[in-house]
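Okay, structure first, notes after.
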Amino acid sequence: MSGHSTYEPKTGFERWLDSRLPIIRFANDTIITFPTPKNLNYWWTFGGILSLMLGMQIVTGIILAMHYVPHVDYAFNSVQRIMRDVNYGWLIRNLHANGASMFFLAAYIHIFRNLYYGSYKSPREVLWILGCVIYLLMIITAFMGYVLPWGQMSFHGAVVITNLIGALPVVGPSITTWLWGGFAVDDPTLNRFFSLHYLLPFMIAGVVALHVWALHVPGNNNPTGVNVKSKEDTVPFHPYYTVKDGFAISVFLIMYAVFVFYLPDALGDAINYVKANPLQTPQHIVPEWYLLPFYAILRAVPNKLMGVILMFGAIATLFILPWLDTSKVRSMRYRPTARLYYFIFIFACLVLGLCGAHAPDDMVIPNVAGPQFLDANLNSYVWLSRIGALYYFVYFWVITPLLGLTETPLPEPESISSPVLSHPASAPAGAAASPEKRG
């Protein structure tokens, strides 16, 4: 896809460096002249947005680590000191805290775009798997970061999530004790979480480098899902997509800034501004919004071990998706039946997020069948969670494999250029009526 390098050193220093460390050639071939499908839409800009947000999280995290004290007696107060006494500490902390939400927002849009356009299919399976690894590392990093402020939700959220590992047979209790560094969530736990939270973003950056490398082997997918046939199907990445991505990034940063400067606590929980108290459990323990669907799946079944298996199974399913999808057509633009089930899947994910944000008994449907049938578990968010979780797994394990064998997709174009070049409006004057010109 990338072809022969077109980079030509222009100065003596560039020629000297190119013969020893061709880093400028690599940057030119990767960012400047890389042939990119000409029909990419704005959904493809979120890859660049994710790279920017990762850099933002690493930079702000390093600065925050200079002032944070990973000790149960001082962690909460050190965060308050950052907000009040450190020069622009409030800005750095708001950038970091809200940056996590923006990071996950862009990641979810990126994932759903890949699902819609079939970007996980051959020959991009490794690219997809590396993306899933990045997503898993993001979840672990975000969870550990949420514990660090050592507020009420941070502490009790750590207790709930780490106790889930104890549900694993035989090895669960031992792993939990090792993770805690003792017999309860305490100072060793906080120190370990801080250390890992600092380390994992650099691991994410390393996997991102592999992700980009894997992208440049087969090249970008595109909205049609049709492979690039010739140079006429592509344009250089710069200036066409650097300008387009730059505009999209600017719009995204405006939304990011609105949260940072005007709604800094809108995406968090107010109770986390109360110092952690092991003797006082919050009424309702919830994770951050970007983990709510998996939390709802966890609570959808009464058995603790089964809930843990389903929660991790929901993530593990993504890793094997390229082999579950049997359709030869990539883009759902030409798969109307698959598109219908896909939008139902998005709705199910939103329902799971809604259920995860509420206590199981927050919603009780009025009982019309008589007192003998009254059951709070049957008339609550629990059943919505079960329906959403069921559809989640059915979509990947049943619908996706069967659709590829039974559906009749729409005709695909022969190439990326043909839908554009064959349109009458793109034909030269006087040639619109000619079948030969229209192709």
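Lettering and numbering for the structure tokens are positional, with chains as A, B, ... in the shown order, residues counted from 1 in each chain, and ligands counted from 1 in the shown order.
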Within 10 Å of stretch 222-245 of chain A, which residues of stretch 64-175 of chain A show up? Give each one with its shortest atom-to-atom distance in Å (one decimal) and the two atoms involved, counting only C-alpha atoms, rows by chain then rising residue number, as JSON lines.
{"residue": "A:Arg113", "atom": "CA", "partner": "A:Pro223", "partner_atom": "CA", "distance": 9.5}
{"residue": "A:Asn114", "atom": "CA", "partner": "A:Asn222", "partner_atom": "CA", "distance": 9.9}
{"residue": "A:Tyr116", "atom": "CA", "partner": "A:Pro223", "partner_atom": "CA", "distance": 9.0}
{"residue": "A:Tyr117", "atom": "CA", "partner": "A:Pro223", "partner_atom": "CA", "distance": 6.0}
{"residue": "A:Gly118", "atom": "CA", "partner": "A:Gly225", "partner_atom": "CA", "distance": 7.1}
{"residue": "A:Ser119", "atom": "CA", "partner": "A:Gly225", "partner_atom": "CA", "distance": 7.8}
{"residue": "A:Lys121", "atom": "CA", "partner": "A:Gly225", "partner_atom": "CA", "distance": 9.8}
Kindly export the residues of the current selection with N, CA, C and O atoms, as an mmCIF file, in the first residue's frame.
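File out_26.cif, as written:
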data_model
loop_
_atom_site.group_PDB
_atom_site.id
_atom_site.type_symbol
_atom_site.label_atom_id
_atom_site.label_comp_id
_atom_site.auth_asym_id
_atom_site.auth_seq_id
_atom_site.Cartn_x
_atom_site.Cartn_y
_atom_site.Cartn_z
ATOM 1 N N ARG A 113 -17.570 3.191 14.527
ATOM 2 C CA ARG A 113 -17.307 3.427 13.103
ATOM 3 C C ARG A 113 -16.688 2.187 12.465
ATOM 4 O O ARG A 113 -17.074 1.770 11.363
ATOM 5 N N ASN A 114 -15.724 1.569 13.156
ATOM 6 C CA ASN A 114 -15.103 0.356 12.629
ATOM 7 C C ASN A 114 -16.114 -0.776 12.486
ATOM 8 O O ASN A 114 -16.051 -1.565 11.531
ATOM 9 N N TYR A 116 -19.329 -0.416 11.892
ATOM 10 C CA TYR A 116 -20.249 -0.096 10.804
ATOM 11 C C TYR A 116 -19.610 -0.346 9.436
ATOM 12 O O TYR A 116 -20.250 -0.914 8.542
ATOM 13 N N TYR A 117 -18.369 0.065 9.288
ATOM 14 C CA TYR A 117 -17.725 -0.038 7.979
ATOM 15 C C TYR A 117 -16.889 -1.303 7.822
ATOM 16 O O TYR A 117 -16.209 -1.458 6.808
ATOM 17 N N GLY A 118 -16.923 -2.199 8.802
ATOM 18 C CA GLY A 118 -16.228 -3.476 8.665
ATOM 19 C C GLY A 118 -14.717 -3.368 8.624
ATOM 20 O O GLY A 118 -14.049 -4.169 7.962
ATOM 21 N N SER A 119 -14.151 -2.422 9.361
ATOM 22 C CA SER A 119 -12.703 -2.215 9.328
ATOM 23 C C SER A 119 -11.932 -3.288 10.080
ATOM 24 O O SER A 119 -10.699 -3.269 10.082
ATOM 25 N N LYS A 121 -12.277 -6.518 9.400
ATOM 26 C CA LYS A 121 -12.211 -7.710 8.559
ATOM 27 C C LYS A 121 -10.872 -7.805 7.841
ATOM 28 O O LYS A 121 -10.098 -6.842 7.782
#
Considering only C-alpha atoms, tabulate each residue of stretch 259-307 of chain A that lies at most 12 Å from stretch 63-86 of chain A along with its nearest interatomic pair and the corresponding distance in Å to one decimal; arrange the rows by chain and ascending residue number and present them as JSON lines.
{"residue": "A:Pro264", "atom": "CA", "partner": "A:Met83", "partner_atom": "CA", "distance": 11.9}
{"residue": "A:Asn272", "atom": "CA", "partner": "A:Phe76", "partner_atom": "CA", "distance": 9.7}
{"residue": "A:Tyr273", "atom": "CA", "partner": "A:Phe76", "partner_atom": "CA", "distance": 8.6}
{"residue": "A:Val274", "atom": "CA", "partner": "A:Phe76", "partner_atom": "CA", "distance": 8.7}
{"residue": "A:Lys275", "atom": "CA", "partner": "A:Phe76", "partner_atom": "CA", "distance": 6.3}
{"residue": "A:Ala276", "atom": "CA", "partner": "A:Phe76", "partner_atom": "CA", "distance": 8.0}
{"residue": "A:Asn277", "atom": "CA", "partner": "A:Val72", "partner_atom": "CA", "distance": 10.5}
{"residue": "A:Pro278", "atom": "CA", "partner": "A:Val72", "partner_atom": "CA", "distance": 11.3}
Residues from the last selection, N, CA, C and O atoms, saved as a CSV table (one decimal), in the first residue's frame:
chain,number,residue,atom,x,y,z
A,264,PRO,N,-16.7,21.4,34.7
A,264,PRO,CA,-15.6,20.5,35.1
A,264,PRO,C,-16.0,19.3,35.9
A,264,PRO,O,-15.3,18.3,35.8
A,272,ASN,N,-17.5,12.1,45.4
A,272,ASN,CA,-16.1,11.9,45.4
A,272,ASN,C,-15.3,13.1,46.0
A,272,ASN,O,-14.1,13.0,46.1
A,273,TYR,N,-16.0,14.2,46.3
A,273,TYR,CA,-15.4,15.3,46.9
A,273,TYR,C,-15.5,15.2,48.4
A,273,TYR,O,-15.2,16.1,49.2
A,274,VAL,N,-15.9,14.0,48.9
A,274,VAL,CA,-15.9,13.7,50.3
A,274,VAL,C,-14.7,12.7,50.5
A,274,VAL,O,-14.6,11.7,49.8
A,275,LYS,N,-13.9,12.9,51.5
A,275,LYS,CA,-12.7,12.1,51.8
A,275,LYS,C,-13.2,10.6,52.1
A,275,LYS,O,-14.2,10.4,52.7
A,276,ALA,N,-12.4,9.7,51.6
A,276,ALA,CA,-12.7,8.3,51.7
A,276,ALA,C,-12.9,7.9,53.2
A,276,ALA,O,-12.1,8.2,54.1
A,277,ASN,N,-14.0,7.2,53.5
A,277,ASN,CA,-14.3,6.7,54.8
A,277,ASN,C,-14.7,5.2,54.8
A,277,ASN,O,-15.8,4.9,54.3
A,278,PRO,N,-13.8,4.3,55.2
A,278,PRO,CA,-14.1,2.9,55.1
A,278,PRO,C,-15.4,2.5,55.9
A,278,PRO,O,-15.9,1.4,55.6
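Across A:His156, A:Arg25, A:His96, A:Arg20, the tightest approach to A:Ile58 is made by A:His96 when counting only C-alpha atoms.
Shortest separation to A:Val160 among A:Pro9, A:Gly388, A:Pro282, A:Gly219 occurs at residue A:Pro282, atoms counted being only C-alpha atoms.
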Within 12 Å of A:Leu405 using only C-alpha atoms, minus same-chain residues under 5 positions, as a VMD selection string
chain A and resid 324 to 329 338 398 to 400
Of A:Pro22, A:Gly61, A:Pro218, A:Gly151, the one nearest to A:His197 when counting only C-alpha atoms is A:Gly61
Once DSSP has gone over the backbone, tell me which residues of stretch 195-348 of chain A are in alpha helix (DSSP H), as a count of residues only.
88
A:Leu267 environment, 9 Å, only C-alpha atoms, sequence neighbours closer than 5 positions dropped, as a PDB file with C-alpha atoms, in the first residue's frame:
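Writing done, so here's around01.pdb:
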ATOM      1  CA  ASN A  98     -12.290  15.528  31.652  1.00  0.00           C
ATOM      2  CA  SER A 101     -14.013  11.187  29.320  1.00  0.00           C
ATOM      3  CA  PHE A 259     -16.341  20.850  29.951  1.00  0.00           C
ATOM      4  CA  GLU A 288     -17.437   6.527  35.478  1.00  0.00           C
ATOM      5  CA  TRP A 289     -19.926   6.836  32.609  1.00  0.00           C
TER       6      TRP A 289
END
Quick one: everything within 8 Å of A:His211, counting only C-alpha atoms, minus sequence neighbours fewer than 6 positions away in the same chain. Send it as a PDB file with N, CA and C atoms, in the first residue's frame.
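Printed below is part39.pdb as written:
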ATOM      1  N   LEU A 127      -4.759  -5.300  13.157  1.00  0.00           N
ATOM      2  CA  LEU A 127      -5.042  -3.897  13.455  1.00  0.00           C
ATOM      3  C   LEU A 127      -6.186  -3.787  14.463  1.00  0.00           C
ATOM      4  N   LEU A 130      -5.098  -5.123  17.999  1.00  0.00           N
ATOM      5  CA  LEU A 130      -4.280  -4.125  18.697  1.00  0.00           C
ATOM      6  C   LEU A 130      -5.152  -2.993  19.236  1.00  0.00           C
ATOM      7  N   GLY A 131      -6.187  -2.610  18.475  1.00  0.00           N
ATOM      8  CA  GLY A 131      -7.118  -1.602  18.969  1.00  0.00           C
ATOM      9  C   GLY A 131      -7.853  -2.078  20.210  1.00  0.00           C
TER      10      GLY A 131
END
Min atom-atom distance to A:Leu136 from the set A:Ala270, A:Val185, A:Leu291, A:Leu40, counting only C-alpha atoms, belongs to A:Leu291
Pairwise distance, atom CA of A:Thr36 with atom CA of A:Tyr7, equals 16.9 Å
Between atom CA of A:Ser154 and atom CA of A:Leu310 lies a distance of 23.7 Å
From the list A:Gly89, A:Pro336, A:Gly145, A:Pro37, the nearest residue to A:Leu196 using only C-alpha atoms is A:Gly145
Compile the contact shell of A:Trp178 as an mmCIF file with N, CA, C and O atoms, in the first residue's frame: residues with an atom at most 12 Å away, counting only C-alpha atoms, same-chain residues fewer than 4 positions apart removed.
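The resulting file, selection_24.cif, is reproduced below:
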data_model
loop_
_atom_site.group_PDB
_atom_site.id
_atom_site.type_symbol
_atom_site.label_atom_id
_atom_site.label_comp_id
_atom_site.auth_asym_id
_atom_site.auth_seq_id
_atom_site.Cartn_x
_atom_site.Cartn_y
_atom_site.Cartn_z
ATOM 1 N N THR A 162 -12.150 -4.667 42.935
ATOM 2 C CA THR A 162 -11.101 -5.636 43.268
ATOM 3 C C THR A 162 -11.692 -6.891 43.905
ATOM 4 O O THR A 162 -11.132 -7.991 43.757
ATOM 5 N N ASN A 163 -12.807 -6.752 44.597
ATOM 6 C CA ASN A 163 -13.457 -7.931 45.181
ATOM 7 C C ASN A 163 -14.018 -8.857 44.106
ATOM 8 O O ASN A 163 -14.248 -10.043 44.372
ATOM 9 N N ILE A 165 -12.487 -9.936 41.591
ATOM 10 C CA ILE A 165 -11.466 -10.933 41.273
ATOM 11 C C ILE A 165 -11.536 -12.085 42.263
ATOM 12 O O ILE A 165 -11.246 -13.239 41.930
ATOM 13 N N GLY A 166 -11.957 -11.784 43.481
ATOM 14 C CA GLY A 166 -12.084 -12.832 44.485
ATOM 15 C C GLY A 166 -13.143 -13.854 44.147
ATOM 16 O O GLY A 166 -13.176 -14.938 44.749
ATOM 17 N N VAL A 171 -7.967 -19.394 42.552
ATOM 18 C CA VAL A 171 -6.914 -18.378 42.564
ATOM 19 C C VAL A 171 -7.432 -16.989 42.922
ATOM 20 O O VAL A 171 -6.631 -16.096 43.220
ATOM 21 N N GLY A 172 -8.749 -16.782 42.894
ATOM 22 C CA GLY A 172 -9.305 -15.455 43.099
ATOM 23 C C GLY A 172 -8.887 -14.779 44.393
ATOM 24 O O GLY A 172 -8.355 -13.653 44.374
ATOM 25 N N PRO A 173 -9.090 -15.409 45.553
ATOM 26 C CA PRO A 173 -8.704 -14.766 46.821
ATOM 27 C C PRO A 173 -7.220 -14.426 46.899
ATOM 28 O O PRO A 173 -6.846 -13.358 47.417
ATOM 29 N N SER A 174 -6.364 -15.297 46.392
ATOM 30 C CA SER A 174 -4.916 -15.032 46.444
ATOM 31 C C SER A 174 -4.538 -13.837 45.579
ATOM 32 O O SER A 174 -3.721 -12.993 45.973
ATOM 33 N N GLY A 182 -2.282 -6.604 50.947
ATOM 34 C CA GLY A 182 -2.689 -6.855 52.327
ATOM 35 C C GLY A 182 -4.043 -7.536 52.323
ATOM 36 O O GLY A 182 -4.371 -8.276 51.399
ATOM 37 N N PHE A 183 -4.828 -7.245 53.352
ATOM 38 C CA PHE A 183 -6.122 -7.898 53.476
ATOM 39 C C PHE A 183 -7.284 -6.930 53.289
ATOM 40 O O PHE A 183 -8.430 -7.260 53.589
ATOM 41 N N ALA A 184 -6.998 -5.728 52.801
ATOM 42 C CA ALA A 184 -8.038 -4.737 52.525
ATOM 43 C C ALA A 184 -7.444 -3.668 51.622
ATOM 44 O O ALA A 184 -6.215 -3.571 51.456
ATOM 45 N N VAL A 185 -8.307 -2.873 51.009
ATOM 46 C CA VAL A 185 -7.848 -1.742 50.201
ATOM 47 C C VAL A 185 -7.260 -0.710 51.147
ATOM 48 O O VAL A 185 -7.969 -0.135 51.985
ATOM 49 N N PRO A 188 -0.908 0.233 50.619
ATOM 50 C CA PRO A 188 -0.204 -0.480 49.538
ATOM 51 C C PRO A 188 -1.010 -0.526 48.236
ATOM 52 O O PRO A 188 -0.436 -0.439 47.140
ATOM 53 N N THR A 189 -2.331 -0.645 48.356
ATOM 54 C CA THR A 189 -3.181 -0.662 47.157
ATOM 55 C C THR A 189 -3.070 0.651 46.412
ATOM 56 O O THR A 189 -2.908 0.682 45.179
ATOM 57 N N ARG A 192 0.256 0.979 44.603
ATOM 58 C CA ARG A 192 0.347 0.137 43.410
ATOM 59 C C ARG A 192 -0.487 0.711 42.273
ATOM 60 O O ARG A 192 -0.056 0.710 41.120
#
Worksheet entry | strand (DSSP E or B) positions in stretch 102-315 of chain A, given as a ChimeraX atom specification | /A:151,234-236,275
Go ahead and write the selection's residues with N, CA, C and O atoms as an mmCIF file, in the first residue's frame.
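And here's part.cif as it stands now:
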data_model
loop_
_atom_site.group_PDB
_atom_site.id
_atom_site.type_symbol
_atom_site.label_atom_id
_atom_site.label_comp_id
_atom_site.auth_asym_id
_atom_site.auth_seq_id
_atom_site.Cartn_x
_atom_site.Cartn_y
_atom_site.Cartn_z
ATOM 1 N N GLY A 151 -11.456 9.739 47.198
ATOM 2 C CA GLY A 151 -12.740 10.169 47.715
ATOM 3 C C GLY A 151 -13.594 8.956 48.035
ATOM 4 O O GLY A 151 -13.163 7.800 47.891
ATOM 5 N N THR A 234 -6.721 7.274 -4.465
ATOM 6 C CA THR A 234 -6.078 7.811 -3.268
ATOM 7 C C THR A 234 -5.615 9.253 -3.477
ATOM 8 O O THR A 234 -5.510 9.736 -4.619
ATOM 9 N N VAL A 235 -5.347 9.901 -2.361
ATOM 10 C CA VAL A 235 -4.705 11.215 -2.348
ATOM 11 C C VAL A 235 -3.640 11.184 -1.259
ATOM 12 O O VAL A 235 -3.726 10.371 -0.325
ATOM 13 N N PRO A 236 -2.625 12.047 -1.324
ATOM 14 C CA PRO A 236 -1.636 12.098 -0.237
ATOM 15 C C PRO A 236 -2.302 12.534 1.072
ATOM 16 O O PRO A 236 -3.228 13.352 1.066
ATOM 17 N N LYS A 275 -13.888 12.925 51.519
ATOM 18 C CA LYS A 275 -12.729 12.051 51.752
ATOM 19 C C LYS A 275 -13.168 10.632 52.059
ATOM 20 O O LYS A 275 -14.174 10.400 52.733
#
